[in-house]
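Peer 1: Structure: query.cif, mmCIF, C-alpha atoms and all ligand atoms.
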data_model
loop_
_atom_site.label_atom_id
_atom_site.label_comp_id
_atom_site.auth_asym_id
_atom_site.auth_seq_id
_atom_site.Cartn_x
_atom_site.Cartn_y
_atom_site.Cartn_z
CA MET V 1 175.26 90.00 16.41
CA LYS V 2 178.91 89.06 16.08
CA HIS V 3 181.05 92.04 15.11
CA SER V 4 182.50 90.16 12.13
CA THR V 5 178.93 89.53 10.87
CA GLN V 6 178.08 93.20 11.31
CA VAL V 7 181.15 94.26 9.33
CA ASN V 8 180.32 91.78 6.61
CA LEU V 9 176.72 93.05 6.37
CA ILE V 10 177.80 96.70 6.39
CA HIS V 11 180.12 95.99 3.44
CA GLN V 12 177.21 94.37 1.60
CA ILE V 13 175.02 97.38 2.47
CA PHE V 14 177.57 99.85 1.08
CA ASP V 15 177.93 97.71 -2.05
CA ALA V 16 174.15 97.76 -2.53
CA ILE V 17 173.97 101.53 -1.98
CA ASP V 18 176.82 102.14 -4.43
CA ARG V 19 175.30 99.76 -6.98
CA GLY V 20 171.86 101.31 -6.58
CA THR V 21 170.02 97.97 -6.25
CA PRO V 22 169.28 95.79 -3.21
CA PRO V 23 170.34 92.13 -2.93
CA MET V 24 167.90 90.07 -4.99
CA ALA V 25 166.73 86.52 -5.66
CA GLU V 26 167.16 84.98 -9.11
CA ARG V 27 163.57 85.57 -10.09
CA PHE V 28 160.23 86.76 -8.82
CA THR V 29 157.75 84.21 -7.47
CA ARG V 30 154.00 83.88 -6.99
CA ASN V 31 151.78 82.77 -4.13
CA ASP V 32 148.17 81.60 -4.18
CA THR V 33 145.72 83.99 -2.55
CA SER V 34 143.97 80.89 -1.17
CA ALA V 35 146.74 80.92 1.45
CA TYR V 36 144.82 83.85 2.94
CA THR V 37 141.26 82.75 2.28
CA SER V 38 140.98 78.97 2.49
CA SER V 39 139.39 77.77 5.71
CA GLU V 40 140.98 74.30 5.28
CA ARG V 41 144.39 75.95 5.05
CA ALA V 42 143.57 78.06 8.13
CA ALA V 43 142.54 74.97 10.11
CA ARG V 44 145.80 73.21 9.19
CA GLU V 45 147.86 76.24 10.16
CA ARG V 46 146.04 76.52 13.48
CA ASP V 47 146.71 72.87 14.23
CA VAL V 48 150.33 72.65 13.10
CA LEU V 49 151.68 76.16 13.73
CA PHE V 50 149.69 77.33 16.73
CA ARG V 51 148.82 74.12 18.59
CA HIS V 52 151.76 71.80 17.94
CA HIS V 53 154.57 74.27 17.38
CA PRO V 54 156.20 76.08 20.32
CA ILE V 55 155.20 79.75 20.36
CA VAL V 56 156.40 82.73 22.34
CA ALA V 57 153.82 83.05 25.12
CA GLY V 58 155.48 85.81 27.16
CA PHE V 59 158.70 87.33 28.39
CA SER V 60 160.82 86.21 31.34
CA SER V 61 160.87 89.77 32.65
CA GLN V 62 157.08 89.67 33.13
CA ILE V 63 157.38 86.93 35.74
CA PRO V 64 160.77 87.21 37.40
CA ASN V 65 159.92 85.92 40.90
CA PRO V 66 158.49 82.71 42.44
CA GLY V 67 154.69 82.93 42.44
CA ASP V 68 154.57 85.33 39.46
CA TYR V 69 152.24 84.26 36.69
CA LEU V 70 150.86 85.32 33.34
CA THR V 71 148.06 84.04 31.16
CA GLU V 72 147.82 83.81 27.40
CA ASP V 73 144.41 83.77 25.76
CA LEU V 74 145.31 84.23 22.10
CA ALA V 75 146.69 80.75 21.44
CA PRO V 76 144.15 78.04 20.55
CA VAL V 77 144.59 76.59 24.06
CA PRO V 78 144.35 78.96 27.07
CA ILE V 79 147.72 79.04 28.82
CA LEU V 80 148.78 79.78 32.39
CA ILE V 81 152.50 80.22 32.99
CA ALA V 82 153.78 80.36 36.55
CA ARG V 83 157.11 80.47 38.30
CA ASN V 84 156.92 77.85 41.03
CA THR V 85 158.26 78.29 44.56
CA ALA V 86 161.66 77.03 43.38
CA GLY V 87 161.73 79.69 40.64
CA GLU V 88 161.23 77.17 37.81
CA LEU V 89 158.84 77.87 35.00
CA ARG V 90 155.64 75.83 34.68
CA ALA V 91 152.94 76.06 32.04
CA PHE V 92 149.42 74.68 32.26
CA VAL V 93 146.16 74.67 30.44
CA ASN V 94 144.35 77.55 32.15
CA ILE V 95 141.21 75.53 32.80
CA CYS V 96 139.97 74.45 36.22
CA ARG V 97 139.56 70.67 36.34
CA HIS V 98 136.27 70.98 38.24
CA ARG V 99 133.97 72.62 35.71
CA GLY V 100 136.20 74.47 33.36
CA ALA V 101 136.49 78.03 34.66
CA LYS V 102 139.51 80.09 33.75
CA LEU V 103 141.70 79.62 36.76
CA ALA V 104 143.70 82.83 36.43
CA SER V 105 143.50 85.94 34.28
CA GLY V 106 145.90 88.69 33.31
CA CYS V 107 149.20 88.50 35.11
CA GLY V 108 150.22 88.95 38.71
CA HIS V 109 151.64 87.32 41.77
CA THR V 110 150.08 84.50 43.73
CA ALA V 111 151.29 83.86 47.26
CA LYS V 112 151.31 80.09 46.88
CA LEU V 113 148.06 78.91 45.35
CA PHE V 114 145.79 79.52 42.41
CA SER V 115 142.25 79.53 43.72
CA CYS V 116 139.51 79.14 41.15
CA PRO V 117 137.08 82.11 41.13
CA TYR V 118 134.07 79.77 40.68
CA HIS V 119 134.11 77.29 43.62
CA ALA V 120 137.63 77.83 44.98
CA TRP V 121 139.35 74.60 44.04
CA SER V 122 143.00 75.45 44.63
CA TYR V 123 146.16 74.42 42.84
CA ASP V 124 149.77 75.06 43.81
CA THR V 125 152.33 76.59 41.44
CA ASP V 126 153.29 73.08 40.30
CA GLY V 127 149.69 72.51 39.25
CA ARG V 128 148.80 70.06 42.03
CA LEU V 129 145.20 70.14 43.21
CA VAL V 130 145.61 70.92 46.91
CA ALA V 131 142.17 72.00 48.15
CA ILE V 132 138.52 71.23 47.38
CA PRO V 133 136.04 73.14 49.56
CA ASP V 134 133.37 70.80 51.04
CA ASP V 135 135.21 67.89 49.57
CA TYR V 136 132.65 65.33 50.82
CA GLY V 137 130.86 65.95 47.51
CA PHE V 138 133.85 64.53 45.62
CA GLU V 139 134.51 61.39 47.61
CA GLY V 140 136.71 58.96 45.70
CA LEU V 141 138.09 61.60 43.30
CA ASP V 142 141.73 60.93 42.45
CA ARG V 143 143.26 64.26 43.40
CA ALA V 144 146.69 63.34 42.07
CA ALA V 145 145.14 62.85 38.63
CA SER V 146 143.06 66.04 38.85
CA GLY V 147 145.81 68.63 38.84
CA LEU V 148 146.26 71.22 36.12
CA VAL V 149 147.22 69.81 32.74
CA ALA V 150 150.86 70.64 32.03
CA LEU V 151 152.22 72.06 28.77
CA PRO V 152 155.85 72.00 27.58
CA VAL V 153 157.58 75.28 28.48
CA SER V 154 161.09 76.64 28.17
CA GLU V 155 162.76 80.05 28.44
CA LYS V 156 165.89 81.53 26.90
CA TYR V 157 167.04 84.97 25.78
CA GLY V 158 164.22 86.49 27.85
CA LEU V 159 161.55 84.71 25.79
CA ILE V 160 159.15 82.08 27.12
CA PHE V 161 158.11 79.37 24.65
CA VAL V 162 155.14 77.07 25.22
CA THR V 163 153.74 74.26 23.09
CA PRO V 164 149.96 74.55 23.54
CA THR V 165 149.37 70.79 23.24
CA PRO V 166 148.03 69.06 26.34
CA GLY V 167 149.79 65.73 26.79
CA ASP V 168 152.84 66.75 24.75
CA ASN V 169 155.91 65.56 26.64
CA ASN V 170 158.52 66.83 24.21
CA ALA V 171 160.98 69.31 25.68
CA ILE V 172 161.30 72.51 23.67
CA ASP V 173 164.77 72.94 22.18
CA ILE V 174 164.84 76.69 21.66
CA ASP V 175 168.27 76.83 20.01
CA ALA V 176 167.41 74.05 17.57
CA MET V 177 164.24 75.93 16.67
CA LEU V 178 166.03 79.25 16.21
CA ALA V 179 168.56 77.55 13.92
CA GLY V 180 171.45 79.92 14.68
CA LEU V 181 169.48 83.10 15.32
CA GLY V 182 169.79 82.63 19.10
CA GLU V 183 173.29 84.06 19.22
CA ASP V 184 172.05 87.26 17.58
CA ILE V 185 169.09 87.56 19.94
CA ASP V 186 171.37 86.96 22.91
CA SER V 187 173.66 89.79 21.86
CA TYR V 188 170.84 92.36 22.05
CA GLY V 189 170.36 91.73 25.79
CA ILE V 190 166.59 91.30 25.62
CA ALA V 191 166.75 89.02 28.67
CA SER V 192 167.83 91.98 30.79
CA MET V 193 165.20 94.36 29.39
CA ALA V 194 161.98 94.92 31.31
CA HIS V 195 158.51 94.62 29.84
CA GLN V 196 157.17 98.18 29.47
CA GLU V 197 153.84 97.90 27.77
CA THR V 198 151.69 95.60 25.65
CA ARG V 199 148.76 96.57 23.44
CA VAL V 200 146.38 94.32 21.58
CA VAL V 201 145.34 94.94 17.96
CA ARG V 202 142.51 93.05 16.23
CA ARG V 203 142.05 93.20 12.47
CA ARG V 204 139.86 91.69 9.78
CA MET V 205 142.70 90.09 7.87
CA ASN V 206 144.47 86.76 7.80
CA TRP V 207 147.31 86.55 10.33
CA LYS V 208 149.89 86.16 7.55
CA LEU V 209 148.91 89.49 6.02
CA MET V 210 149.77 91.13 9.34
CA SER V 211 153.17 89.46 9.20
CA ASP V 212 153.80 90.05 5.47
CA THR V 213 154.13 93.77 5.89
CA PHE V 214 157.36 93.33 7.86
CA TRP V 215 159.17 91.29 5.20
CA GLU V 216 159.76 93.80 2.46
CA ALA V 217 161.09 97.36 2.46
CA TYR V 218 159.61 98.10 -0.96
CA HIS V 219 156.43 99.73 0.41
CA ILE V 220 158.09 102.09 2.87
CA LYS V 221 158.74 104.95 0.46
CA VAL V 222 155.11 104.84 -0.66
CA LEU V 223 152.88 103.82 2.23
CA HIS V 224 155.01 105.41 4.94
CA ALA V 225 156.16 108.40 2.89
CA GLN V 226 155.00 110.81 5.58
CA ASN V 227 156.55 109.16 8.64
CA VAL V 228 159.43 106.65 8.54
CA ALA V 229 160.43 106.71 4.85
CA PRO V 230 162.77 109.73 5.16
CA LEU V 231 164.86 107.81 7.73
CA PHE V 232 165.53 104.74 5.58
CA VAL V 233 167.57 103.97 2.49
CA LYS V 234 165.04 103.47 -0.30
CA ASN V 235 164.12 99.83 -0.95
CA LEU V 236 167.13 98.34 0.81
CA ALA V 237 167.09 95.49 3.31
CA MET V 238 169.36 92.56 4.05
CA PHE V 239 167.60 89.19 4.27
CA ASP V 240 168.98 85.99 5.77
CA ALA V 241 167.12 82.77 6.55
CA PHE V 242 167.85 80.77 9.69
CA GLY V 243 165.95 77.55 9.13
CA ARG V 244 162.33 78.68 8.95
CA ASN V 245 163.16 81.88 10.81
CA THR V 246 164.01 85.17 9.16
CA ARG V 247 166.41 88.00 9.81
CA TYR V 248 165.60 91.14 7.89
CA ILE V 249 167.58 94.33 8.32
CA GLY V 250 166.19 97.69 7.23
CA VAL V 251 168.91 100.28 6.67
CA ARG V 252 168.81 103.84 7.99
CA LYS V 253 170.38 106.61 5.96
CA SER V 254 172.61 107.33 8.98
CA ILE V 255 174.66 104.25 8.02
CA GLU V 256 176.65 106.58 5.76
CA LYS V 257 178.40 107.91 8.89
CA LEU V 258 180.20 104.57 9.20
CA ARG V 259 182.10 105.14 5.97
CA ASP V 260 184.34 107.57 7.85
CA LEU V 261 184.95 105.29 10.81
CA PRO V 262 187.48 102.44 11.13
CA GLN V 263 185.82 99.01 10.85
CA GLU V 264 186.50 98.10 14.47
CA LYS V 265 184.15 100.92 15.47
CA TRP V 266 181.36 99.84 13.15
CA ASP V 267 178.10 99.11 14.95
CA LEU V 268 175.12 98.03 12.88
CA VAL V 269 172.34 98.41 15.45
CA PRO V 270 172.02 102.23 15.66
CA HIS V 271 171.86 102.49 11.88
CA THR V 272 169.33 99.77 11.15
CA THR V 273 166.12 98.16 12.27
CA ILE V 274 166.74 94.45 12.76
CA LEU V 275 163.63 92.34 12.38
CA MET V 276 163.51 88.66 13.19
CA ASN V 277 160.66 86.27 12.55
CA LEU V 278 160.74 83.55 15.17
CA PHE V 279 158.75 81.04 13.17
CA PRO V 280 155.85 81.03 12.91
CA ASN V 281 154.31 84.11 14.47
CA THR V 282 156.64 86.17 16.65
CA ILE V 283 158.37 89.20 15.21
CA LEU V 284 161.21 90.60 17.25
CA VAL V 285 162.25 94.09 16.18
CA MET V 286 165.53 95.35 17.56
CA GLN V 287 165.74 99.14 17.64
CA SER V 288 168.79 101.02 18.91
CA ASP V 289 167.51 101.42 22.48
CA HIS V 290 164.61 99.00 22.86
CA ALA V 291 162.90 95.94 21.41
CA GLU V 292 159.43 95.68 19.91
CA ILE V 293 157.78 92.29 19.87
CA TYR V 294 154.74 91.37 17.82
CA ARG V 295 152.95 88.08 18.42
CA ILE V 296 150.39 87.43 15.70
CA PHE V 297 147.59 84.87 15.93
CA PRO V 298 144.59 83.82 13.90
CA ALA V 299 141.59 85.13 15.87
CA GLY V 300 139.03 82.45 16.59
CA THR V 301 138.49 80.12 13.67
CA HIS V 302 137.77 82.59 10.86
CA VAL V 303 140.46 82.65 8.19
CA GLY V 304 140.15 86.43 7.77
CA GLU V 305 140.59 87.61 11.35
CA SER V 306 143.71 88.09 13.38
CA VAL V 307 144.88 89.49 16.66
CA ALA V 308 148.33 90.66 17.69
CA THR V 309 150.00 91.74 20.87
CA ILE V 310 152.56 94.48 20.46
CA SER V 311 155.03 94.82 23.31
CA ILE V 312 157.92 97.10 24.13
CA LEU V 313 160.85 95.83 26.16
CA ALA V 314 163.51 98.30 27.28
CA PRO V 315 166.30 98.58 29.83
CA GLU V 316 164.61 101.33 31.88
CA PRO V 317 160.95 102.22 32.47
CA SER V 318 160.03 105.64 31.12
CA PRO V 319 156.87 107.45 29.98
CA LYS V 320 158.59 107.81 26.62
CA TRP V 321 157.82 104.17 25.79
CA SER V 322 154.11 104.97 25.63
CA ARG V 323 154.88 107.64 23.05
CA THR V 324 157.11 105.18 21.17
CA MET V 325 154.19 102.74 21.20
CA ASP V 326 151.81 105.44 19.88
CA LEU V 327 154.22 106.22 17.05
CA LEU V 328 154.78 102.63 16.01
CA LEU V 329 151.06 101.87 16.17
CA GLY V 330 150.54 104.85 13.86
CA VAL V 331 152.91 103.26 11.34
CA VAL V 332 151.57 99.70 11.52
CA ASP V 333 148.02 101.05 11.42
CA GLN V 334 148.80 102.13 7.85
CA ASP V 335 150.00 98.59 7.04
CA PHE V 336 147.10 96.85 8.74
CA THR V 337 144.43 99.11 7.26
CA LEU V 338 145.84 98.40 3.83
CA GLY V 339 145.99 94.69 4.71
CA GLU V 340 142.28 94.65 5.55
CA GLY V 341 141.61 95.93 2.05
CA ILE V 342 143.78 93.15 0.61
CA GLN V 343 141.89 90.52 2.61
CA HIS V 344 138.60 91.89 1.32
CA ASN V 345 139.96 91.78 -2.23
CA PHE V 346 141.21 88.19 -1.90
CA GLU V 347 137.89 87.06 -0.45
CA SER V 348 136.16 88.40 -3.56
CA GLY V 349 137.88 85.59 -5.48
CA ALA V 350 138.76 88.03 -8.25
CA GLN V 351 142.52 87.47 -8.01
CA ARG V 352 144.18 84.07 -7.55
CA LYS V 353 147.86 85.00 -7.29
CA VAL V 354 150.16 87.60 -5.81
CA ILE V 355 153.69 88.31 -7.03
CA TYR V 356 156.78 88.61 -4.84
CA GLY V 357 159.46 90.69 -6.51
CA ARG V 358 163.12 89.66 -6.53
CA TYR V 359 163.78 91.93 -3.55
CA GLU V 360 160.65 90.68 -1.77
CA ASN V 361 162.18 87.22 -1.36
CA ALA V 362 161.88 87.23 2.45
CA LEU V 363 158.15 86.92 1.82
CA GLU V 364 158.74 83.89 -0.38
CA HIS V 365 160.81 82.33 2.43
CA PHE V 366 158.09 83.01 5.02
CA HIS V 367 155.35 81.46 2.92
CA ARG V 368 157.43 78.52 1.74
CA SER V 369 158.36 77.78 5.37
CA ILE V 370 154.68 77.70 6.29
CA ARG V 371 153.84 75.43 3.34
CA GLU V 372 156.67 73.08 4.36
CA ALA V 373 155.61 73.05 8.00
CA ILE V 374 152.01 72.14 7.19
CA GLY V 375 153.07 69.57 4.58
CA GLU V 376 151.86 71.50 1.56
CA VAL V 377 154.82 71.36 -0.79
S1 LIG V 401 135.14 75.49 38.09
FE1 LIG V 401 136.86 75.84 39.29
S2 LIG V 401 136.26 75.37 41.27
FE2 LIG V 401 134.54 74.97 40.10
FE FE V 402 154.99 99.01 6.81
#
What does the file become when written as structure tokens?
Ligand code: FES
Ligand SMILES: [Fe+2]
Peer 2:
Amino acid sequence: MKHSTQVNLIHQIFDAIDRGTPPMAERFTRNDTSAYTSSERAARERDVLFRHHPIVAGFSSQIPNPGDYLTEDLAPVPILIARNTAGELRAFVNICRHRGAKLASGCGHTAKLFSCPYHAWSYDTDGRLVAIPDDYGFEGLDRAASGLVALPVSEKYGLIFVTPTPGDNNAIDIDAMLAGLGEDIDSYGIASMAHQETRVVRRRMNWKLMSDTFWEAYHIKVLHAQNVAPLFVKNLAMFDAFGRNTRYIGVRKSIEKLRDLPQEKWDLVPHTTILMNLFPNTILVMQSDHAEIYRIFPAGTHVGESVATISILAPEPSPKWSRTMDLLLGVVDQDFTLGEGIQHNFESGAQRKVIYGRYENALEHFHRSIREAIGEV
């Protein structure tokens, strides 16, 4: 983040602390609980937000070299991302053209070819079909038209975006999508951090409930009273919208130390947790010495099930990142367990609305952005 922006925010933070109230919207708002329970709504979200919208499908540091690949199974379309022999990124539907086997799984390095585990049709890292064992059984097959189906892919700031729509020829304009947040992300140096660990969490709750818990600081002093609450200024966060994306800054009590320093030495990052929602489903959390990245998806087709990957990226590998992961999973487990209860409550049909307080307005932005994107305004 630009230093001038940091200084500006720190002044606003001190004003809020001195005033005793956080920045607030004009008025509270409401949202329909059907956003979390309607299967029609879920189908529209899956189509618009997870099939036709670019999503973060991995990190550049996972596949730095030619021949490296990773697969993504949580999006509605199975994705294979590979770095070709020239070092360029390629993304494909991870389905063998012969009879539909998953061509690759997990992540790894392929010398030159992807060979299907079923009958060994082989494709190069540009997706061309280059070998069919006993090919006399496929006489007349147009090999050039039987390569892997390509998907739009682009990488920037260490993040790999893919649009999981076969046949989509639109290039992904990452900076246009991030609507000004790219400069911030760039400044944190995520592109030069290495992927340390990823864990997968499945929950019986709508994917938006998983995300909601990040967009207000109101619950921290209650739900997280025993772990992170003592570190943070009570009910204070700085919210800014960047198009449909969100920047949300939780403030640590240690920010008070900056009052004694000259402004040119002010640094926001060590005294805050900077959360960014890369619309729709990727949450990038910048901590002082590492980044945490959540990618949240609807699981299958049920409106009340979700799955998330939680990853840590950091400059240096260390066993401490596993402990960091354990700690953060302990915190979000409190959020997600509570969220499962909310999902159950909403599915009972006994409550039709929720209320977003004036200092919960980042939630209003998140949900309004989704309604706009799916044409429900
Ligand atoms: S399904 Fe892949 S080679 Fe047969
Ligand atoms: Fe929380």
Peer 1: Taking into account only C-alpha atoms, which residue in the set V:Tyr36, V:Ile95, V:Leu151, V:Leu103 is nearest to Glu340 (chain V)?
Peer 2: V:Tyr36
Peer 1: Applying 7 Å and only C-alpha atoms, which residues near region 348-352 of chain V remain after dropping the ones on its own chain fewer than 4 positions away? List them as a ChimeraX atom specification.
Peer 2: /V:32-33,344
Peer 1: Residues of chain V within 6 Å of ligand FE 402 (chain V): nearest atom pair and distance (Å, one decimal) for each, counting all atoms listed in the file, sorted by chain and number, as CSV?
Peer 2:
residue,atom,partner,partner_atom,distance
V:Thr213,CA,V:FE402,FE,5.4
V:Ile220,CA,V:FE402,FE,5.9
V:Val332,CA,V:FE402,FE,5.9
V:Asp335,CA,V:FE402,FE,5.0
Peer 1: Could you tell me how far CA of Thr272 (chain V) lies from CA of Gly182 (chain V), in Å and to one decimal?
Peer 2: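 Distance between the two atoms: 18.9 Å.
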Peer 1: Quick one: residues within 10 Å of Phe214 (chain V), only C-alpha atoms, excluding same-chain residues fewer than 4 positions away - as an mmCIF file with C-alpha atoms, in the frame of the given file?
Peer 2:
data_model
loop_
_atom_site.group_PDB
_atom_site.id
_atom_site.type_symbol
_atom_site.label_atom_id
_atom_site.label_comp_id
_atom_site.auth_asym_id
_atom_site.auth_seq_id
_atom_site.Cartn_x
_atom_site.Cartn_y
_atom_site.Cartn_z
ATOM 1 C CA LEU V 209 148.910 89.490 6.020
ATOM 2 C CA MET V 210 149.770 91.130 9.340
ATOM 3 C CA HIS V 219 156.430 99.730 0.410
ATOM 4 C CA TYR V 248 165.600 91.140 7.890
ATOM 5 C CA GLY V 250 166.190 97.690 7.230
ATOM 6 C CA LEU V 275 163.630 92.340 12.380
ATOM 7 C CA MET V 276 163.510 88.660 13.190
ATOM 8 C CA ASN V 277 160.660 86.270 12.550
ATOM 9 C CA ILE V 283 158.370 89.200 15.210
ATOM 10 C CA VAL V 285 162.250 94.090 16.180
ATOM 11 C CA VAL V 332 151.570 99.700 11.520
ATOM 12 C CA ASP V 335 150.000 98.590 7.040
ATOM 13 C CA ALA V 362 161.880 87.230 2.450
ATOM 14 C CA LEU V 363 158.150 86.920 1.820
#
Peer 1: So which one's closest to Glu155 (chain V), V:Gly58, V:Pro298, V:Gly339, V:Pro317? Using all atoms listed in the file, please.
Peer 2: V:Gly58
Peer 1: Within 12 Å of ligand LIG 401 (chain V), which residues show up when you count all atoms listed in the file? List them as a CSV table (one decimal) with C-alpha atoms, in the frame of the given file, please.
Peer 2:
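Output contents, as saved in part.csv:
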chain,number,residue,atom,x,y,z
V,94,ASN,CA,144.4,77.6,32.2
V,95,ILE,CA,141.2,75.5,32.8
V,96,CYS,CA,140.0,74.4,36.2
V,97,ARG,CA,139.6,70.7,36.3
V,98,HIS,CA,136.3,71.0,38.2
V,99,ARG,CA,134.0,72.6,35.7
V,100,GLY,CA,136.2,74.5,33.4
V,101,ALA,CA,136.5,78.0,34.7
V,102,LYS,CA,139.5,80.1,33.8
V,103,LEU,CA,141.7,79.6,36.8
V,104,ALA,CA,143.7,82.8,36.4
V,114,PHE,CA,145.8,79.5,42.4
V,115,SER,CA,142.2,79.5,43.7
V,116,CYS,CA,139.5,79.1,41.2
V,117,PRO,CA,137.1,82.1,41.1
V,118,TYR,CA,134.1,79.8,40.7
V,119,HIS,CA,134.1,77.3,43.6
V,120,ALA,CA,137.6,77.8,45.0
V,121,TRP,CA,139.4,74.6,44.0
V,122,SER,CA,143.0,75.4,44.6
V,123,TYR,CA,146.2,74.4,42.8
V,129,LEU,CA,145.2,70.1,43.2
V,130,VAL,CA,145.6,70.9,46.9
V,131,ALA,CA,142.2,72.0,48.2
V,132,ILE,CA,138.5,71.2,47.4
V,133,PRO,CA,136.0,73.1,49.6
V,134,ASP,CA,133.4,70.8,51.0
V,135,ASP,CA,135.2,67.9,49.6
V,138,PHE,CA,133.8,64.5,45.6
V,146,SER,CA,143.1,66.0,38.8
V,147,GLY,CA,145.8,68.6,38.8
V,148,LEU,CA,146.3,71.2,36.1
Peer 1: Just how far from CA of Ala229 (chain V) is CA of Tyr356 (chain V), in Å to one decimal?
Peer 2: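 According to the coordinates, CA of Tyr356 (chain V) and CA of Ala229 (chain V) are separated by 20.9 Å.
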Peer 1: Please list, as a ChimeraX atom specification, the residues that have an atom at most 7 Å away from (143.9, 68.4, 28.1) in the coordinates of this file, counting only C-alpha atoms.
Peer 2: /V:149,166-167
Peer 1: Between CA of Asp175 (chain V) and CA of Val251 (chain V), what is the spacing in Å?
Peer 2: 27.0 Å
Peer 1: Using all atoms listed in the file, which residue out of V:Phe297, V:Phe59, V:Phe346, V:Phe232 lies closest to Gly158 (chain V)?
Peer 2: V:Phe59
Peer 1: Of the candidates V:Ser311, V:Ser38, V:Ser154, V:Ser61, which shows the shortest atom-to-atom distance to Asp326 (chain V), using all atoms listed in the file?
Peer 2: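 Using all atoms listed in the file, Asp326 (chain V) sits closest to V:Ser311.
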Peer 1: May I have the centre and edge lengths, in Å to one decimal, of an axis-aligned box around the listed atoms of region 348-366 of chain V with 6 Å added to every side, as lines of an AutoDock Vina configuration file?
Peer 2:
center_x = 150.0
center_y = 87.1
center_z = -1.6
size_x = 39.6
size_y = 21.6
size_z = 25.3
Peer 1: Which residue out of V:Gly243, V:Asp142, V:Arg204, V:Gln62 has the minimum interatomic distance to Ile312 (chain V) when all atoms listed in the file are used?
Peer 2: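 Ranking V:Gly243, V:Asp142, V:Arg204, V:Gln62 by distance to Ile312 (chain V), first place goes to V:Gln62.
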Peer 1: Between V:Phe336, V:Phe50, V:Tyr69, V:Trp215, which one has atoms that come closest to Cys107 (chain V), using only C-alpha atoms?
Peer 2: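 Checking each of V:Phe336, V:Phe50, V:Tyr69, V:Trp215 against Cys107 (chain V), counting only C-alpha atoms, the winner is V:Tyr69.
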Peer 1: Place N, CA, C and O atoms on region 324-335 of chain V and deliver the coordinates as a PDB file, keeping the file's coordinate frame.
Peer 2:
ATOM      1  N   THR V 324     156.535 106.048  22.208  1.00  0.00           N
ATOM      2  CA  THR V 324     157.110 105.180  21.170  1.00  0.00           C
ATOM      3  C   THR V 324     156.045 104.223  20.647  1.00  0.00           C
ATOM      4  O   THR V 324     155.912 104.007  19.439  1.00  0.00           O
ATOM      5  N   MET V 325     155.269 103.669  21.581  1.00  0.00           N
ATOM      6  CA  MET V 325     154.190 102.740  21.200  1.00  0.00           C
ATOM      7  C   MET V 325     153.166 103.450  20.315  1.00  0.00           C
ATOM      8  O   MET V 325     152.739 102.909  19.297  1.00  0.00           O
ATOM      9  N   ASP V 326     152.784 104.690  20.690  1.00  0.00           N
ATOM     10  CA  ASP V 326     151.810 105.440  19.880  1.00  0.00           C
ATOM     11  C   ASP V 326     152.339 105.622  18.462  1.00  0.00           C
ATOM     12  O   ASP V 326     151.610 105.447  17.473  1.00  0.00           O
ATOM     13  N   LEU V 327     153.635 105.978  18.371  1.00  0.00           N
ATOM     14  CA  LEU V 327     154.220 106.220  17.050  1.00  0.00           C
ATOM     15  C   LEU V 327     154.242 104.950  16.204  1.00  0.00           C
ATOM     16  O   LEU V 327     153.864 104.960  15.034  1.00  0.00           O
ATOM     17  N   LEU V 328     154.667 103.847  16.823  1.00  0.00           N
ATOM     18  CA  LEU V 328     154.780 102.630  16.010  1.00  0.00           C
ATOM     19  C   LEU V 328     153.403 102.094  15.639  1.00  0.00           C
ATOM     20  O   LEU V 328     153.212 101.556  14.544  1.00  0.00           O
ATOM     21  N   LEU V 329     152.420 102.294  16.526  1.00  0.00           N
ATOM     22  CA  LEU V 329     151.060 101.870  16.170  1.00  0.00           C
ATOM     23  C   LEU V 329     150.531 102.709  15.008  1.00  0.00           C
ATOM     24  O   LEU V 329     149.806 102.205  14.151  1.00  0.00           O
ATOM     25  N   GLY V 330     150.936 103.987  14.975  1.00  0.00           N
ATOM     26  CA  GLY V 330     150.540 104.850  13.860  1.00  0.00           C
ATOM     27  C   GLY V 330     151.076 104.324  12.539  1.00  0.00           C
ATOM     28  O   GLY V 330     150.388 104.359  11.515  1.00  0.00           O
ATOM     29  N   VAL V 331     152.306 103.790  12.572  1.00  0.00           N
ATOM     30  CA  VAL V 331     152.910 103.260  11.340  1.00  0.00           C
ATOM     31  C   VAL V 331     152.240 101.945  10.949  1.00  0.00           C
ATOM     32  O   VAL V 331     151.783 101.778   9.812  1.00  0.00           O
ATOM     33  N   VAL V 332     152.134 101.002  11.903  1.00  0.00           N
ATOM     34  CA  VAL V 332     151.570  99.700  11.520  1.00  0.00           C
ATOM     35  C   VAL V 332     150.068  99.805  11.229  1.00  0.00           C
ATOM     36  O   VAL V 332     149.524  98.984  10.494  1.00  0.00           O
ATOM     37  N   ASP V 333     149.435 100.840  11.758  1.00  0.00           N
ATOM     38  CA  ASP V 333     148.020 101.050  11.420  1.00  0.00           C
ATOM     39  C   ASP V 333     147.869 101.265   9.911  1.00  0.00           C
ATOM     40  O   ASP V 333     146.908 100.792   9.303  1.00  0.00           O
ATOM     41  N   GLN V 334     148.841 101.954   9.303  1.00  0.00           N
ATOM     42  CA  GLN V 334     148.800 102.130   7.850  1.00  0.00           C
ATOM     43  C   GLN V 334     148.903 100.776   7.146  1.00  0.00           C
ATOM     44  O   GLN V 334     148.170 100.496   6.202  1.00  0.00           O
ATOM     45  N   ASP V 335     149.824  99.918   7.644  1.00  0.00           N
ATOM     46  CA  ASP V 335     150.000  98.590   7.040  1.00  0.00           C
ATOM     47  C   ASP V 335     148.740  97.746   7.218  1.00  0.00           C
ATOM     48  O   ASP V 335     148.294  97.077   6.286  1.00  0.00           O
TER      49      ASP V 335
END
